[in-house]
file structure_15.txt (compact mmCIF, C-alpha atoms)
# COMPACT_ATOMS: atom_id res chain seq x y z
CA MET A 1 0.00 0.00 0.00
CA PHE A 2 1.23 3.37 -0.80
CA GLN A 3 -0.43 6.66 -0.53
CA ALA A 4 0.30 9.18 -3.20
CA THR A 5 0.15 12.88 -2.59
CA GLY A 6 -2.75 14.16 -4.61
CA SER A 7 -3.26 10.91 -6.50
CA PRO A 8 -5.10 7.70 -5.75
CA SER A 9 -3.30 5.23 -3.54
CA PRO A 10 -3.10 1.59 -4.39
CA GLY A 11 -6.18 1.44 -2.34
CA GLY A 12 -7.71 4.01 -4.61
CA LYS A 13 -8.04 6.62 -1.89
CA GLU A 14 -7.06 10.19 -2.36
CA GLY A 15 -4.15 10.82 -0.04
CA GLN A 16 -2.35 13.84 1.25
CA SER A 17 0.98 12.80 2.63
CA ASP A 18 4.02 14.69 3.76
CA GLY A 19 6.06 11.52 3.57
CA SER A 20 5.97 10.96 7.31
CA HIS A 21 2.99 8.60 7.33
CA ARG A 22 3.78 4.93 6.98
CA ARG A 23 1.44 2.42 5.43
CA PRO A 24 2.10 -1.29 4.88
CA LEU A 25 0.95 -4.08 2.54
CA ALA A 26 0.35 -2.15 -0.61
CA ALA A 27 -0.91 -2.17 -4.09
CA ARG A 28 0.76 -0.21 -6.68
CA ARG A 29 0.15 1.81 -9.71
CA TRP A 30 2.78 1.47 -12.28
CA SER A 31 4.36 4.84 -11.62
CA VAL A 32 5.84 5.92 -8.27
CA VAL A 33 3.84 6.96 -5.30
CA SER A 34 4.54 9.19 -2.36
CA GLY A 35 3.44 8.10 1.03
CA ALA A 36 3.87 4.75 2.71
CA ALA A 37 2.95 1.15 2.32
CA ALA A 38 3.89 -2.36 3.16
CA LEU A 39 2.87 -5.90 2.38
CA GLY A 40 1.56 -4.64 -0.76
CA CYS A 41 1.68 -3.14 -4.04
CA VAL A 42 3.03 0.36 -4.42
CA LEU A 43 1.35 2.75 -6.74
CA LEU A 44 3.95 4.75 -8.51
CA THR A 45 2.40 7.97 -9.76
CA SER A 46 3.09 9.07 -13.28
CA VAL A 47 6.82 8.83 -13.34
CA PRO A 48 7.98 9.83 -16.81
CA LEU A 49 10.12 7.01 -18.13
CA ASN A 50 13.08 7.65 -20.37
CA THR A 51 12.91 5.03 -23.10
CA ALA A 52 15.95 6.22 -25.05
CA GLN A 53 18.70 3.61 -25.13
CA ALA A 54 21.93 3.01 -26.94
CA ASP A 55 21.93 0.60 -29.89
CA ASP A 56 24.28 -1.79 -28.10
CA GLU A 57 22.16 -2.03 -24.93
CA THR A 58 20.51 -5.35 -24.21
CA PRO A 59 17.59 -6.08 -21.88
CA SER A 60 20.00 -7.54 -19.30
CA SER A 61 22.41 -4.60 -19.53
CA ILE A 62 19.50 -2.20 -18.99
CA LEU A 63 18.30 -4.14 -15.95
CA GLN A 64 21.87 -4.47 -14.64
CA ALA A 65 22.37 -0.72 -14.90
CA GLY A 66 19.12 -0.25 -13.00
CA ALA A 67 20.30 -2.62 -10.28
CA GLU A 68 23.56 -0.72 -9.91
CA GLN A 69 21.67 2.57 -9.83
CA GLY A 70 19.39 1.14 -7.14
CA VAL A 71 22.41 0.35 -4.97
CA SER A 72 23.75 3.82 -5.64
CA ASP A 73 20.37 5.17 -4.53
CA GLY A 74 20.72 3.39 -1.20
CA TYR A 75 19.53 -0.19 -1.54
CA PRO A 76 21.86 -2.75 0.06
CA GLY A 77 21.23 -5.13 -2.82
CA VAL A 78 19.16 -5.56 -6.00
CA ILE A 79 18.52 -8.73 -7.99
CA GLY A 80 16.69 -9.23 -11.27
CA LEU A 81 15.66 -11.71 -13.94
CA ILE A 82 14.74 -11.40 -17.62
CA ARG A 83 13.09 -14.33 -19.34
CA SER A 84 12.38 -14.34 -23.06
CA GLY A 85 11.09 -17.63 -24.38
CA ASP A 86 13.37 -20.33 -22.99
CA SER A 87 16.25 -17.92 -22.29
CA THR A 88 16.79 -16.54 -18.78
CA GLU A 89 19.36 -13.96 -17.71
CA TYR A 90 20.09 -12.70 -14.20
CA VAL A 91 21.47 -9.46 -12.81
CA HIS A 92 22.60 -8.44 -9.35
CA ALA A 93 24.30 -5.60 -7.55
CA GLY A 94 25.21 -4.86 -3.95
CA VAL A 95 24.92 -7.24 -1.02
CA GLY A 96 22.38 -9.68 0.34
CA ASN A 97 23.80 -9.43 3.85
CA VAL A 98 25.20 -6.14 5.12
CA SER A 99 27.15 -7.80 7.94
CA THR A 100 28.96 -10.40 5.86
CA LYS A 101 29.07 -8.34 2.64
CA THR A 102 27.86 -11.40 0.72
CA ASP A 103 26.84 -10.54 -2.84
CA ALA A 104 23.13 -10.25 -3.53
CA ASP A 105 22.24 -13.62 -5.06
CA PRO A 106 19.56 -13.69 -7.78
CA LYS A 107 18.70 -17.21 -6.63
CA ALA A 108 18.03 -16.10 -3.03
CA LYS A 109 14.63 -16.10 -1.32
CA PHE A 110 12.86 -12.90 -0.25
CA ARG A 111 9.45 -11.81 1.05
CA ILE A 112 7.21 -11.02 -1.95
CA GLY A 113 4.51 -9.01 -0.15
CA SER A 114 1.40 -8.29 -2.19
CA ASN A 115 2.59 -10.46 -5.04
CA THR A 116 0.95 -13.07 -2.80
CA LYS A 117 -2.42 -11.78 -3.98
CA ALA A 118 -2.09 -13.42 -7.40
CA PHE A 119 -1.66 -16.80 -5.68
CA THR A 120 -4.76 -16.23 -3.54
CA ALA A 121 -6.86 -15.12 -6.52
CA THR A 122 -5.72 -18.17 -8.50
CA VAL A 123 -6.97 -20.58 -5.83
CA LEU A 124 -10.41 -18.94 -5.82
CA LEU A 125 -10.56 -19.05 -9.61
CA GLN A 126 -9.65 -22.74 -9.52
CA LEU A 127 -12.41 -23.39 -6.97
CA GLU A 128 -14.87 -21.67 -9.27
CA GLY A 129 -13.68 -23.80 -12.19
CA GLU A 130 -14.35 -26.89 -10.06
CA GLY A 131 -17.92 -25.70 -9.38
CA LYS A 132 -17.31 -25.23 -5.67
CA LEU A 133 -18.17 -21.52 -5.66
CA SER A 134 -18.97 -18.63 -7.95
CA LEU A 135 -17.02 -15.38 -7.95
CA ASP A 136 -20.44 -13.72 -7.89
CA ASP A 137 -21.29 -15.36 -4.57
CA SER A 138 -21.64 -12.87 -1.76
CA ILE A 139 -19.17 -12.84 1.08
CA ALA A 140 -22.06 -13.57 3.44
CA LYS A 141 -22.82 -16.85 1.66
CA TRP A 142 -19.52 -18.25 2.89
CA LEU A 143 -18.75 -15.94 5.81
CA PRO A 144 -22.14 -14.97 7.28
CA ASP A 145 -20.89 -12.72 10.07
CA ALA A 146 -17.50 -11.57 8.77
CA VAL A 147 -18.63 -8.25 7.28
CA ASN A 148 -21.53 -6.83 9.23
CA ALA A 149 -20.58 -3.62 11.02
CA ASN A 150 -20.43 0.14 10.58
CA GLY A 151 -22.70 0.08 7.53
CA TYR A 152 -20.82 -2.70 5.68
CA ASP A 153 -22.94 -5.62 4.52
CA GLY A 154 -21.29 -8.82 3.35
CA SER A 155 -24.47 -9.89 1.56
CA LYS A 156 -23.93 -7.03 -0.91
CA ILE A 157 -20.23 -7.64 -1.65
CA THR A 158 -19.11 -10.41 -4.00
CA ILE A 159 -15.93 -12.47 -4.08
CA ARG A 160 -15.15 -10.89 -7.45
CA GLU A 161 -15.32 -7.43 -5.87
CA LEU A 162 -12.80 -8.55 -3.27
CA LEU A 163 -10.39 -9.74 -5.94
CA ASN A 164 -10.61 -6.64 -8.15
CA HIS A 165 -10.62 -4.20 -5.22
CA THR A 166 -14.08 -2.74 -5.82
CA SER A 167 -15.58 -3.97 -2.53
CA SER A 168 -15.62 -0.51 -0.86
CA LEU A 169 -13.95 -2.01 2.23
CA PRO A 170 -11.30 0.01 4.11
CA ASP A 171 -7.71 -1.20 4.41
CA TYR A 172 -6.79 -2.49 7.86
CA PHE A 173 -3.21 -1.42 7.22
CA THR A 174 -4.18 2.22 7.54
CA ASP A 175 -4.88 1.62 11.23
CA LEU A 176 -2.20 3.32 13.31
CA GLY A 177 -1.93 0.42 15.74
CA VAL A 178 -1.43 -2.12 12.95
CA GLU A 179 1.09 0.08 11.19
CA SER A 180 3.05 0.79 14.35
CA ASP A 181 3.18 -2.84 15.44
CA TYR A 182 4.40 -3.90 12.04
CA PHE A 183 6.99 -1.17 11.57
CA LEU A 184 8.44 -1.36 15.08
CA ASN A 185 8.74 -5.14 14.61
CA THR A 186 9.09 -5.85 18.32
CA GLU A 187 6.73 -8.86 18.17
CA PRO A 188 7.45 -10.61 14.87
CA ASP A 189 5.42 -13.68 15.89
CA LYS A 190 2.43 -11.84 17.31
CA ALA A 191 -0.80 -13.57 16.31
CA TRP A 192 -3.20 -11.68 14.05
CA ALA A 193 -6.40 -13.58 13.34
CA PRO A 194 -7.92 -12.81 9.91
CA GLN A 195 -11.26 -11.74 11.41
CA GLN A 196 -9.39 -9.45 13.81
CA LEU A 197 -7.83 -7.66 10.83
CA VAL A 198 -11.21 -7.40 9.10
CA ASN A 199 -12.78 -5.92 12.25
CA ILE A 200 -9.98 -3.34 12.47
CA ALA A 201 -10.74 -2.32 8.89
CA LEU A 202 -14.51 -2.06 9.32
CA ARG A 203 -14.35 0.18 12.37
CA GLN A 204 -12.29 2.85 10.57
CA HIS A 205 -15.16 4.58 8.77
CA ALA A 206 -18.54 3.96 7.17
CA PRO A 207 -18.73 3.02 3.47
CA GLN A 208 -17.67 5.78 1.09
CA SER A 209 -18.98 4.09 -2.05
CA ALA A 210 -21.24 1.22 -3.01
CA PRO A 211 -19.73 -2.21 -3.71
CA GLY A 212 -18.70 -2.51 -7.35
CA GLU A 213 -18.77 1.23 -7.88
CA LYS A 214 -15.17 2.23 -7.44
CA PHE A 215 -11.65 0.77 -7.35
CA GLY A 216 -10.03 1.04 -3.93
CA TYR A 217 -6.98 -1.10 -3.14
CA ALA A 218 -7.33 -2.72 0.28
CA ASN A 219 -5.46 -5.63 1.80
CA THR A 220 -8.66 -6.42 3.69
CA ASN A 221 -10.09 -7.79 0.45
CA TYR A 222 -7.47 -10.52 0.28
CA ILE A 223 -7.67 -11.41 3.95
CA LEU A 224 -11.36 -12.09 3.33
CA ALA A 225 -10.48 -13.98 0.15
CA GLY A 226 -8.34 -16.31 2.24
CA MET A 227 -11.18 -16.74 4.73
CA VAL A 228 -13.47 -17.76 1.85
CA ILE A 229 -10.92 -20.36 0.71
CA LYS A 230 -10.97 -21.89 4.19
CA ALA A 231 -14.78 -21.80 4.39
CA VAL A 232 -15.13 -23.55 1.02
CA THR A 233 -12.37 -26.15 1.39
CA GLY A 234 -12.10 -26.62 5.14
CA ASN A 235 -8.34 -26.12 4.81
CA GLU A 236 -6.01 -23.29 5.64
CA PRO A 237 -5.52 -21.09 2.55
CA GLY A 238 -1.75 -21.52 2.73
CA ASP A 239 -2.24 -25.28 2.47
CA GLU A 240 -4.45 -24.84 -0.60
CA ILE A 241 -1.83 -22.60 -2.22
CA GLN A 242 0.78 -25.25 -1.45
CA LYS A 243 -1.31 -28.10 -2.89
CA ARG A 244 -2.69 -26.30 -5.93
CA ILE A 245 0.19 -24.07 -7.05
CA ILE A 246 3.49 -24.55 -5.26
CA GLU A 247 3.70 -28.36 -5.52
CA PRO A 248 2.32 -28.82 -9.07
CA LEU A 249 4.68 -26.16 -10.44
CA GLY A 250 7.68 -27.43 -8.46
CA LEU A 251 8.23 -24.10 -6.73
CA ASN A 252 10.72 -25.58 -4.30
CA ASP A 253 11.86 -22.22 -2.91
CA THR A 254 8.35 -20.83 -2.35
CA SER A 255 6.42 -21.11 0.90
CA PHE A 256 3.45 -19.63 2.74
CA PRO A 257 4.94 -19.15 6.21
CA THR A 258 2.96 -18.81 9.41
CA ASP A 259 5.91 -17.65 11.52
CA SER A 260 8.70 -15.12 11.11
CA ALA A 261 11.58 -17.49 10.38
CA MET A 262 13.61 -17.50 7.15
CA SER A 263 15.76 -20.47 6.14
CA GLY A 264 18.16 -21.57 3.43
CA ASN A 265 19.59 -19.02 0.99
CA TYR A 266 17.81 -15.69 1.47
CA LEU A 267 18.34 -11.97 1.21
CA HIS A 268 18.41 -10.16 4.52
CA GLY A 269 15.87 -7.35 4.63
CA TYR A 270 16.70 -3.89 5.97
CA VAL A 271 15.32 -0.55 7.07
CA HIS A 272 17.80 2.27 7.10
CA PRO A 273 16.74 5.65 5.69
CA LEU A 274 14.60 6.44 8.75
CA THR A 275 17.10 5.42 11.40
CA ILE A 276 20.66 6.27 12.34
CA VAL A 277 21.55 2.60 12.45
CA THR A 278 20.54 0.22 9.66
CA ARG A 279 17.99 -2.20 11.07
CA ASP A 280 17.86 -5.86 9.99
CA VAL A 281 14.15 -6.72 9.69
CA THR A 282 14.53 -10.09 7.97
CA ILE A 283 12.52 -11.62 10.80
CA SER A 284 9.17 -9.85 10.64
CA ASN A 285 5.49 -10.59 11.15
CA VAL A 286 3.78 -12.60 8.39
CA GLN A 287 0.40 -13.17 10.04
CA ILE A 288 -0.37 -9.51 9.59
CA GLY A 289 -0.13 -10.11 5.83
CA GLY A 290 -1.53 -13.60 5.46
CA THR A 291 -3.24 -14.18 2.12
CA ALA A 292 -2.62 -10.53 1.26
CA GLY A 293 1.17 -10.66 1.59
CA ALA A 294 2.89 -13.53 3.44
CA ILE A 295 4.61 -15.58 0.74
CA VAL A 296 8.39 -16.08 0.51
CA SER A 297 9.74 -16.90 -2.95
CA THR A 298 12.55 -16.34 -5.48
CA LEU A 299 12.85 -14.64 -8.85
CA ASP A 300 12.79 -18.00 -10.65
CA ASP A 301 9.77 -19.33 -8.79
CA MET A 302 7.86 -16.10 -9.28
CA ALA A 303 8.62 -16.15 -13.01
CA THR A 304 7.52 -19.79 -13.26
CA PHE A 305 4.24 -19.05 -11.48
CA GLN A 306 3.54 -15.94 -13.54
CA ARG A 307 4.11 -17.74 -16.84
CA ALA A 308 1.95 -20.69 -15.77
CA LEU A 309 -0.79 -18.27 -14.77
CA MET A 310 -0.74 -16.27 -17.99
CA THR A 311 -0.62 -19.30 -20.27
CA GLY A 312 -3.55 -21.20 -18.75
CA LYS A 313 -1.53 -23.90 -17.03
CA LEU A 314 -3.27 -23.13 -13.75
CA LEU A 315 -6.70 -21.99 -14.95
CA ALA A 316 -9.37 -23.16 -17.35
CA PRO A 317 -10.10 -20.76 -20.27
CA GLU A 318 -13.17 -19.26 -18.61
CA GLN A 319 -11.29 -18.53 -15.39
CA LEU A 320 -8.27 -17.19 -17.29
CA LYS A 321 -10.62 -14.75 -19.02
CA GLU A 322 -11.97 -13.68 -15.63
CA LEU A 323 -8.44 -13.21 -14.30
CA LYS A 324 -7.74 -10.78 -17.14
CA THR A 325 -11.08 -8.94 -17.01
CA THR A 326 -10.19 -5.55 -15.57
CA VAL A 327 -11.86 -2.61 -13.87
CA PRO A 328 -10.84 1.05 -14.26
CA THR A 329 -8.67 2.64 -11.60
CA GLY A 330 -9.04 6.25 -12.69
CA ARG A 331 -5.85 6.14 -14.74
CA ALA A 332 -5.65 5.77 -18.50
CA ASP A 333 -2.47 3.71 -18.25
CA GLU A 334 -3.67 1.12 -15.73
CA THR A 335 -6.61 -1.17 -15.04
CA TRP A 336 -6.97 -3.93 -12.45
CA GLY A 337 -7.80 -7.60 -12.87
CA LEU A 338 -8.00 -10.34 -10.22
CA GLY A 339 -4.80 -10.19 -8.20
CA ILE A 340 -2.90 -8.62 -11.09
CA ALA A 341 -2.80 -5.24 -12.81
CA HIS A 342 -2.72 -4.34 -16.51
CA MET A 343 -0.51 -1.38 -17.30
CA LYS A 344 0.97 0.51 -20.21
CA THR A 345 4.72 0.08 -20.62
CA PRO A 346 7.24 2.82 -21.55
CA CYS A 347 7.13 1.71 -25.20
CA GLY A 348 3.33 1.90 -25.40
CA THR A 349 2.55 -1.81 -25.21
CA TRP A 350 0.58 -3.37 -22.36
CA ALA A 351 1.76 -5.89 -19.79
CA TRP A 352 0.50 -7.61 -16.67
CA GLY A 353 2.19 -7.26 -13.31
CA HIS A 354 2.07 -6.37 -9.64
CA ASN A 355 4.46 -5.45 -6.87
CA GLY A 356 5.03 -6.27 -3.26
CA ALA A 357 6.18 -3.96 -0.48
CA VAL A 358 6.89 -5.42 2.94
CA LEU A 359 9.18 -4.42 5.74
CA GLY A 360 12.70 -4.84 4.37
CA TYR A 361 11.78 -5.95 0.83
CA PHE A 362 10.35 -4.55 -2.39
CA SER A 363 9.71 -6.54 -5.57
CA GLU A 364 7.83 -6.11 -8.84
CA TRP A 365 7.27 -7.80 -12.19
CA LEU A 366 5.98 -7.44 -15.72
CA ILE A 367 4.88 -10.18 -18.12
CA SER A 368 3.50 -10.14 -21.65
CA ASP A 369 -0.03 -11.39 -22.25
CA ASP A 370 1.25 -14.59 -23.86
CA GLY A 371 3.74 -15.17 -21.03
CA SER A 372 6.77 -15.22 -23.31
CA THR A 373 8.50 -12.09 -21.98
CA GLN A 374 9.08 -11.45 -18.29
CA VAL A 375 11.05 -9.14 -16.04
CA VAL A 376 11.19 -9.62 -12.26
CA HIS A 377 13.33 -7.72 -9.78
CA ALA A 378 13.66 -7.26 -6.04
CA ASN A 379 15.65 -5.31 -3.47
CA ASN A 380 16.28 -5.80 0.23
CA GLU A 381 15.42 -2.42 1.75
CA TYR A 382 11.95 -1.08 2.41
CA HIS A 383 11.02 1.39 5.11
CA MET A 384 7.34 1.87 4.25
CA LEU A 385 7.68 5.22 2.55
CA SER A 386 7.19 5.80 -1.15
CA PRO A 387 8.36 6.94 -3.54
CA THR A 388 12.07 6.57 -3.13
CA LYS A 389 14.63 7.30 -5.81
CA GLY A 390 15.51 3.61 -5.82
CA GLN A 391 11.91 2.63 -6.57
CA THR A 392 11.66 5.15 -9.39
CA ASP A 393 14.97 4.19 -10.98
CA SER A 394 14.38 0.45 -10.59
CA TYR A 395 10.92 0.66 -12.09
CA GLN A 396 12.24 2.64 -15.02
CA ALA A 397 14.92 0.01 -15.65
CA MET A 398 12.36 -2.79 -15.42
CA GLY A 399 10.07 -1.09 -17.93
CA ASN A 400 12.85 -0.31 -20.34
CA ALA A 401 14.28 -3.84 -20.08
CA PHE A 402 10.84 -5.32 -20.73
CA CYS A 403 10.42 -3.14 -23.83
CA ALA A 404 13.89 -4.08 -25.08
CA ALA A 405 13.12 -7.78 -24.62
call {"tool": "encode", "arguments": {"input": "structure_15.txt", "output": "structure tokens"}}
result
Amino acid sequence: MFQATGSPSPGGKEGQSDGSHRRPLAARRWSVVSGAAALGCVLLTSVPLNTAQADDETPSSILQAGAEQGVSDGYPGVIGLIRSGDSTEYVHAGVGNVSTKTDADPKAKFRIGSNTKAFTATVLLQLEGEGKLSLDDSIAKWLPDAVNANGYDGSKITIRELLNHTSSLPDYFTDLGVESDYFLNTEPDKAWAPQQLVNIALRQHAPQSAPGEKFGYANTNYILAGMVIKAVTGNEPGDEIQKRIIEPLGLNDTSFPTDSAMSGNYLHGYVHPLTIVTRDVTISNVQIGGTAGAIVSTLDDMATFQRALMTGKLLAPEQLKELKTTVPTGRADETWGLGIAHMKTPCGTWAWGHNGAVLGYFSEWLISDDGSTQVVHANNEYHMLSPTKGQTDSYQAMGNAFCAA
């Protein structure tokens, strides 16, 4: 989540921010936003992208230059991947561990934040394809008492409206207590029940629009989506993601954690621009993100999932069409589907993508409609304020590399 000064946030709200307000778990517009966000997708507001490039530049050299610029801008490390057809190239700059000075490894794990949302949406689309639910079912059909306070009525909000962020529900991550707990990171294994997060969201304010009327990015939507998965299947949503996506695709470095631990080869995550001393926040709370932002993955696994999703390997044709059916966001260069966004690239073409912003990590991706061209990159510093120069420069490099590929 990011709040942009004078422009809609990933949650679609108009925000006025002096840069001192932090917000986690975001959604993002493909331009750079001012304000704060975490566990989410950052909306970058209308950042003019320079598409001029030398004749001898390649997609990987463009992305590599962006990674190096990101480190120059203050990121400890940046990693990236470009996949065109069967060819994959990797880039990296800086370090994955500030203490040991170990190089940032493009094969390392990291927290993917709101990129989790595409996994959650995929499970619900699969359940619809199996005839176990309809995306036009109301929330109340599956969760009778989950949304029934402060003027919100779950019988009038559909699953589809959760997934495309037109539910009208507030974002629990705008609550000061939630934000503070997450940013201070003093209780990385504190329990946050999904209904508790929903209740925090509902009490913030009465509805400001009718369901289906307006795009408004809210992590609350995907917490409820996970609750629906459990109501329909009887299983924890993380287990369904594991069974339906992670195992079939062989995503051996991807997991849906329920505690703060990281294991194996991973990037350390950091916060440093707001503090005198750089803070290692690798161990941070995942229950606060859940089905909106908890997943740990790698560049390769993300690229494999994204290609499988776009090419129909995970969804039947009808559900793939629903995935790619978008709603307006108020911007001519971006619309929103189910767990993914559709945005105009620097060269005028359109691509699918999303981003993820969590404490210590920021990642984003673009993929062509046919799945043949992909760019994914990540860094290991995020302090819940946006935009930063690193975000702007990295996004520009990603867009230009995608166009060159």
call {"tool": "residues_near_point", "arguments": {"input": "structure_15.txt", "point": "(11.5, -15.9, -13.6)", "cutoff": "10 Å", "atoms": "all atoms listed in the file", "output": "short mmCIF file (atom, residue, chain, number, x, y, z; two decimals) with C-alpha atoms, in the coordinates of the input"}}
result
data_model
loop_
_atom_site.label_atom_id
_atom_site.label_comp_id
_atom_site.auth_asym_id
_atom_site.auth_seq_id
_atom_site.Cartn_x
_atom_site.Cartn_y
_atom_site.Cartn_z
CA GLY A 80 16.69 -9.23 -11.27
CA LEU A 81 15.66 -11.71 -13.94
CA ILE A 82 14.74 -11.40 -17.62
CA ARG A 83 13.09 -14.33 -19.34
CA SER A 84 12.38 -14.34 -23.06
CA THR A 88 16.79 -16.54 -18.78
CA GLU A 89 19.36 -13.96 -17.71
CA TYR A 90 20.09 -12.70 -14.20
CA THR A 298 12.55 -16.34 -5.48
CA LEU A 299 12.85 -14.64 -8.85
CA ASP A 300 12.79 -18.00 -10.65
CA ASP A 301 9.77 -19.33 -8.79
CA MET A 302 7.86 -16.10 -9.28
CA ALA A 303 8.62 -16.15 -13.01
CA THR A 304 7.52 -19.79 -13.26
CA PHE A 305 4.24 -19.05 -11.48
CA GLN A 306 3.54 -15.94 -13.54
CA ARG A 307 4.11 -17.74 -16.84
CA TRP A 365 7.27 -7.80 -12.19
CA ILE A 367 4.88 -10.18 -18.12
CA THR A 373 8.50 -12.09 -21.98
CA GLN A 374 9.08 -11.45 -18.29
CA VAL A 375 11.05 -9.14 -16.04
CA VAL A 376 11.19 -9.62 -12.26
CA HIS A 377 13.33 -7.72 -9.78
#
call {"tool": "residues_around", "arguments": {"input": "structure_15.txt", "residues": "range 229-244 of chain A", "least_positions_apart": "4", "cutoff": "9 Å", "atoms": "all atoms listed in the file", "output": "NGL selection string"}}
result
:A and (119-120 or 122-124 or 126-127 or 132-133 or 142-143 or 224-225 or 248-249 or 254-258 or 290-291 or 295 or 314)
call {"tool": "axis_aligned_box", "arguments": {"input": "structure_15.txt", "around": "range 354-372 of chain A", "padding_each_side": "4 Å", "output": "AutoDock Vina command-line options"}}
result
--center_x 6.3 --center_y -9.6 --center_z -9.1 --size_x 20.7 --size_y 19.3 --size_z 37.6
call {"tool": "closest_residue", "arguments": {"input": "structure_15.txt", "among": "A:Pro346, A:Gly371, A:Gly339, A:Gly250", "to": "Ala308 in chain A", "atoms": "all atoms listed in the file"}}
result
A:Gly371
call {"tool": "closest_residue", "arguments": {"input": "structure_15.txt", "among": "A:Val91, A:Gly226, A:Tyr152, A:Pro188", "to": "His205 in chain A", "atoms": "all atoms listed in the file"}}
result
A:Tyr152
call {"tool": "closest_residue", "arguments": {"input": "structure_15.txt", "among": "A:Ser297, A:Ser372, A:Gln64, A:Thr58", "to": "Ile246 in chain A", "atoms": "all atoms listed in the file"}}
result
A:Ser297
call {"tool": "residues_near_point", "arguments": {"input": "structure_15.txt", "point": "(-6.1, -1.3, -16.8)", "cutoff": "6 Å", "atoms": "all atoms listed in the file", "output": "ChimeraX atom specification"}}
result
/A:328,334-336,342-343
call {"tool": "closest_residue", "arguments": {"input": "structure_15.txt", "among": "A:Thr158, A:Ser61, A:Asn221, A:Asn97", "to": "Glu381 in chain A", "atoms": "all atoms listed in the file"}}
result
A:Asn97
call {"tool": "closest_residue", "arguments": {"input": "structure_15.txt", "among": "A:Gly94, A:Gly330, A:Gly131, A:Gly356", "to": "Thr116 in chain A", "atoms": "all atoms listed in the file"}}
result
A:Gly356
call {"tool": "atom_distance", "arguments": {"input": "structure_15.txt", "atom1": "CA of Ala104 in chain A", "atom2": "CA of Met384 in chain A"}}
result
21.4 Å
call {"tool": "closest_residue", "arguments": {"input": "structure_15.txt", "among": "A:Tyr270, A:Trp192, A:Tyr395, A:Phe402", "to": "Ser99 in chain A", "atoms": "all atoms listed in the file"}}
result
A:Tyr270
call {"tool": "atom_distance", "arguments": {"input": "structure_15.txt", "atom1": "CA of Asn148 in chain A", "atom2": "CA of Gln287 in chain A"}}
result
22.8 Å
call {"tool": "residues_around", "arguments": {"input": "structure_15.txt", "residues": "range 178-182 of chain A", "least_positions_apart": "3", "cutoff": "8 Å", "atoms": "only C-alpha atoms", "output": "PDB file with C-alpha atoms, in the coordinates of the input"}}
result
ATOM      1  CA  ARG A  22       3.780   4.930   6.980  1.00  0.00           C
ATOM      2  CA  ARG A  23       1.440   2.420   5.430  1.00  0.00           C
ATOM      3  CA  PRO A  24       2.100  -1.290   4.880  1.00  0.00           C
ATOM      4  CA  TYR A 172      -6.790  -2.490   7.860  1.00  0.00           C
ATOM      5  CA  PHE A 173      -3.210  -1.420   7.220  1.00  0.00           C
ATOM      6  CA  THR A 174      -4.180   2.220   7.540  1.00  0.00           C
ATOM      7  CA  ASP A 175      -4.880   1.620  11.230  1.00  0.00           C
ATOM      8  CA  ASN A 185       8.740  -5.140  14.610  1.00  0.00           C
ATOM      9  CA  THR A 186       9.090  -5.850  18.320  1.00  0.00           C
ATOM     10  CA  GLU A 187       6.730  -8.860  18.170  1.00  0.00           C
ATOM     11  CA  PRO A 188       7.450 -10.610  14.870  1.00  0.00           C
ATOM     12  CA  SER A 284       9.170  -9.850  10.640  1.00  0.00           C
ATOM     13  CA  ASN A 285       5.490 -10.590  11.150  1.00  0.00           C
ATOM     14  CA  ILE A 288      -0.370  -9.510   9.590  1.00  0.00           C
ATOM     15  CA  LEU A 359       9.180  -4.420   5.740  1.00  0.00           C
TER      16      LEU A 359
END
call {"tool": "residues_around", "arguments": {"input": "structure_15.txt", "residues": "Tyr382 in chain A", "least_positions_apart": "6", "cutoff": "9 Å", "atoms": "only C-alpha atoms", "output": "list in words"}}
result
Ala38, Tyr75, Gly269, Tyr270, Val271, His272, Pro273, Ala357, Val358, Leu359, Gly360, Tyr361 and Phe362 of chain A
call {"tool": "atom_distance", "arguments": {"input": "structure_15.txt", "atom1": "CA of Asn379 in chain A", "atom2": "CA of Arg111 in chain A"}}
result
10.1 Å
call {"tool": "residues_around", "arguments": {"input": "structure_15.txt", "residues": "range 198-201 of chain A", "least_positions_apart": "2", "cutoff": "8 Å", "atoms": "all atoms listed in the file", "output": "list in words"}}
result
Ala146, Val147, Leu169, Pro170, Asp171, Tyr172, Phe173, Asp175, Pro194, Gln195, Gln196, Arg203, Gln204, Thr220, Ile223 and Leu224 of chain A
call {"tool": "residues_around", "arguments": {"input": "structure_15.txt", "residues": "Ala65 in chain A", "least_positions_apart": "5", "cutoff": "9 Å", "atoms": "all atoms listed in the file", "output": "list in words"}}
result
Ser60, Gly70 and Ala397 of chain A
